[in-house]
Amino acid sequence: MVEITAAELQAAQTIFGDRLDLAKRYVEHLATSGTERGLIGPREIPRLWSRHVLNCAVIESQIAEGSHVADVGSGAGLPGLCLAIARPDLELTLIEPLERRVIWLQEVVDDLGLDNVTIMRTRAELAVGMVDADVVTARAVSALSNLAGLTIPLLAGKGEVVAIKGRSAGEEIEKAAKVIRKLGGTQTSVVVVGEDLLEEPTTVVRIVVNKPQKFA
């Protein structure tokens with residue numbers, strides 16, 4: 001069992017509620033087969049709750065009820081599987097190009113019985129038109145100037161991007177401003193999430209997209 005501190009447990013109970021046991025099982029998958037197959041570094045095991053699962057799951061507060069969420073570059077299911085566990089009302093599409101990661105994700109989804117998750121083995125740019133998302137999430141995929149082009153087109157002109165970023169989020173927004181506007185982003189902001197729950201709250205870049213429709 002991966003150790004969890006009292007503070008982490010309290011945060012996990014708040015976020016996951018009666019699905020906390022599912023979250024614990026997911027963390028065990030990360031610590032065992034996830035590490036063995038190279039999805040998570042072995043040094044991360046003591047920090048799985050704080051640095052990874054809670055850090056991701058807390059962004060559920062930024063997502064409206066019943067949303068269809070596309071998670072780009074899902075990897076080890078961060079944040080996609082965290083959101084699927086915390087919010088059974090959401091519909092999640094996990095977009096991941098690497099086969100070994102897709103196989104692992106499917107094994108975890110099947111074991112946890114998550115019926116609100118679909119996994120697509122493809123690149124984000126190839127999934128445009130195949131996914132109709134209200135919200136697109138991403139974590140540790142690439143700089144915002146590049147990430148904007150991978151995420152915004154999946155919204156089909158309207159919705160929000162919720163990207164987990166670090167302390168340089170403001171600088172990334174400045175560098176990506178032109179690209180974001182060109183793609184239909186109308187409002188970009190830095191939001192700090194989980195200040196009341198986590199020792200290190202999560203920094204999120206939120207992009208509101210509302211692209212004017214072109215009429216023939």
# chains A, B, ... in the order shown; residues from 1 in each chain; ligands from 1
call {"tool": "residues_around", "arguments": {"residues": "Val192 (chain A)", "least_positions_apart": "6", "cutoff": "7 Å", "atoms": "only C-alpha atoms", "output": "PyMOL selection string"}}
result
chain A and resi 201-204
call {"tool": "residues_around", "arguments": {"residues": "Ile103 (chain A)", "least_positions_apart": "6", "cutoff": "12 Å", "atoms": "only C-alpha atoms", "output": "MDAnalysis selection string"}}
result
chainID A and resid 33:34 37 39 75:77 96:97 109:110 119:121
call {"tool": "closest_residue", "arguments": {"among": "A:Ala7, A:Val108, A:Leu54, A:Ala169", "to": "Leu30 (chain A)", "atoms": "only C-alpha atoms"}}
result
A:Val108
call {"tool": "closest_residue", "arguments": {"among": "A:Val135, A:Met130, A:Val2, A:Leu81", "to": "Gly66 (chain A)", "atoms": "only C-alpha atoms"}}
result
A:Val135
call {"tool": "select_by_dssp", "arguments": {"residues": "region 68-148 of chain A", "states": "strand (DSSP E)", "output": "number ranges by chain"}}
result
A: 68-72, 91-95, 117-120, 135-139
call {"tool": "residues_around", "arguments": {"residues": "Lys158 (chain A)", "least_positions_apart": "3", "cutoff": "8 Å", "atoms": "only C-alpha atoms", "output": "list in words"}}
result
Asp134, Leu155, Val208, Val209, Asn210 and Lys211 of chain A
call {"tool": "atom_distance", "arguments": {"atom1": "CA of Pro79 (chain A)", "atom2": "CA of Arg181 (chain A)"}}
result
25.4 Å
call {"tool": "decode", "arguments": {"residues": "region 144-213 of chain A", "atoms": "C-alpha atoms", "output": "short mmCIF file (atom, residue, chain, number, x, y, z; two decimals), in the first residue's frame"}}
result
data_model
loop_
_atom_site.label_atom_id
_atom_site.label_comp_id
_atom_site.auth_asym_id
_atom_site.auth_seq_id
_atom_site.Cartn_x
_atom_site.Cartn_y
_atom_site.Cartn_z
CA LEU A 144 1.30 26.54 -23.97
CA SER A 145 2.26 28.05 -27.34
CA ASN A 146 2.29 24.49 -28.75
CA LEU A 147 -0.37 23.04 -26.44
CA ALA A 148 -2.97 25.58 -27.60
CA GLY A 149 -2.85 24.08 -31.10
CA LEU A 150 -3.29 20.57 -29.72
CA THR A 151 -6.21 21.35 -27.41
CA ILE A 152 -8.35 24.22 -28.70
CA PRO A 153 -9.29 22.52 -32.04
CA LEU A 154 -10.84 19.62 -30.06
CA LEU A 155 -13.50 22.02 -28.74
CA ALA A 156 -15.06 22.53 -32.18
CA GLY A 157 -15.22 26.29 -31.67
CA LYS A 158 -16.65 26.51 -28.16
CA GLY A 159 -15.61 25.38 -24.69
CA GLU A 160 -12.68 25.60 -22.31
CA VAL A 161 -9.13 24.37 -22.01
CA VAL A 162 -8.01 23.57 -18.44
CA ALA A 163 -4.26 22.95 -18.52
CA ILE A 164 -2.25 22.12 -15.39
CA LYS A 165 0.86 24.28 -15.39
CA GLY A 166 3.68 25.37 -13.08
CA ARG A 167 4.79 28.72 -11.73
CA SER A 168 5.74 29.99 -15.19
CA ALA A 169 2.08 29.90 -16.31
CA GLY A 170 1.89 33.69 -16.67
CA GLU A 171 4.96 33.80 -18.91
CA GLU A 172 3.60 30.96 -21.04
CA ILE A 173 0.34 32.86 -21.54
CA GLU A 174 2.25 35.92 -22.76
CA LYS A 175 4.23 33.86 -25.27
CA ALA A 176 1.12 32.01 -26.49
CA ALA A 177 -1.28 34.99 -26.60
CA LYS A 178 -1.25 35.43 -30.40
CA VAL A 179 -1.72 31.71 -31.10
CA ILE A 180 -4.56 31.47 -28.56
CA ARG A 181 -6.40 34.45 -30.09
CA LYS A 182 -5.95 33.09 -33.62
CA LEU A 183 -7.49 29.74 -32.55
CA GLY A 184 -10.54 31.42 -31.00
CA GLY A 185 -9.47 31.88 -27.39
CA THR A 186 -11.34 34.89 -26.00
CA GLN A 187 -10.16 34.85 -22.40
CA THR A 188 -7.05 33.33 -20.80
CA SER A 189 -6.37 33.32 -17.08
CA VAL A 190 -4.24 31.68 -14.39
CA VAL A 191 -6.31 30.00 -11.66
CA VAL A 192 -4.89 28.57 -8.44
CA VAL A 193 -6.96 25.57 -7.32
CA GLY A 194 -7.06 23.67 -4.03
CA GLU A 195 -5.54 26.27 -1.72
CA ASP A 196 -7.84 25.09 1.08
CA LEU A 197 -7.00 21.40 0.47
CA LEU A 198 -3.42 20.98 -0.67
CA GLU A 199 -0.07 21.96 0.77
CA GLU A 200 0.96 22.91 -2.76
CA PRO A 201 -2.12 24.09 -4.67
CA THR A 202 -2.47 23.43 -8.39
CA THR A 203 -1.85 26.15 -10.97
CA VAL A 204 -4.14 25.99 -13.97
CA VAL A 205 -4.26 27.93 -17.23
CA ARG A 206 -7.86 28.33 -18.28
CA ILE A 207 -8.70 29.33 -21.85
CA VAL A 208 -12.27 30.20 -22.79
CA VAL A 209 -12.91 29.53 -26.48
CA ASN A 210 -15.76 31.02 -28.45
CA LYS A 211 -14.95 31.03 -32.12
CA PRO A 212 -17.40 32.96 -34.32
CA GLN A 213 -19.21 30.64 -36.72
#
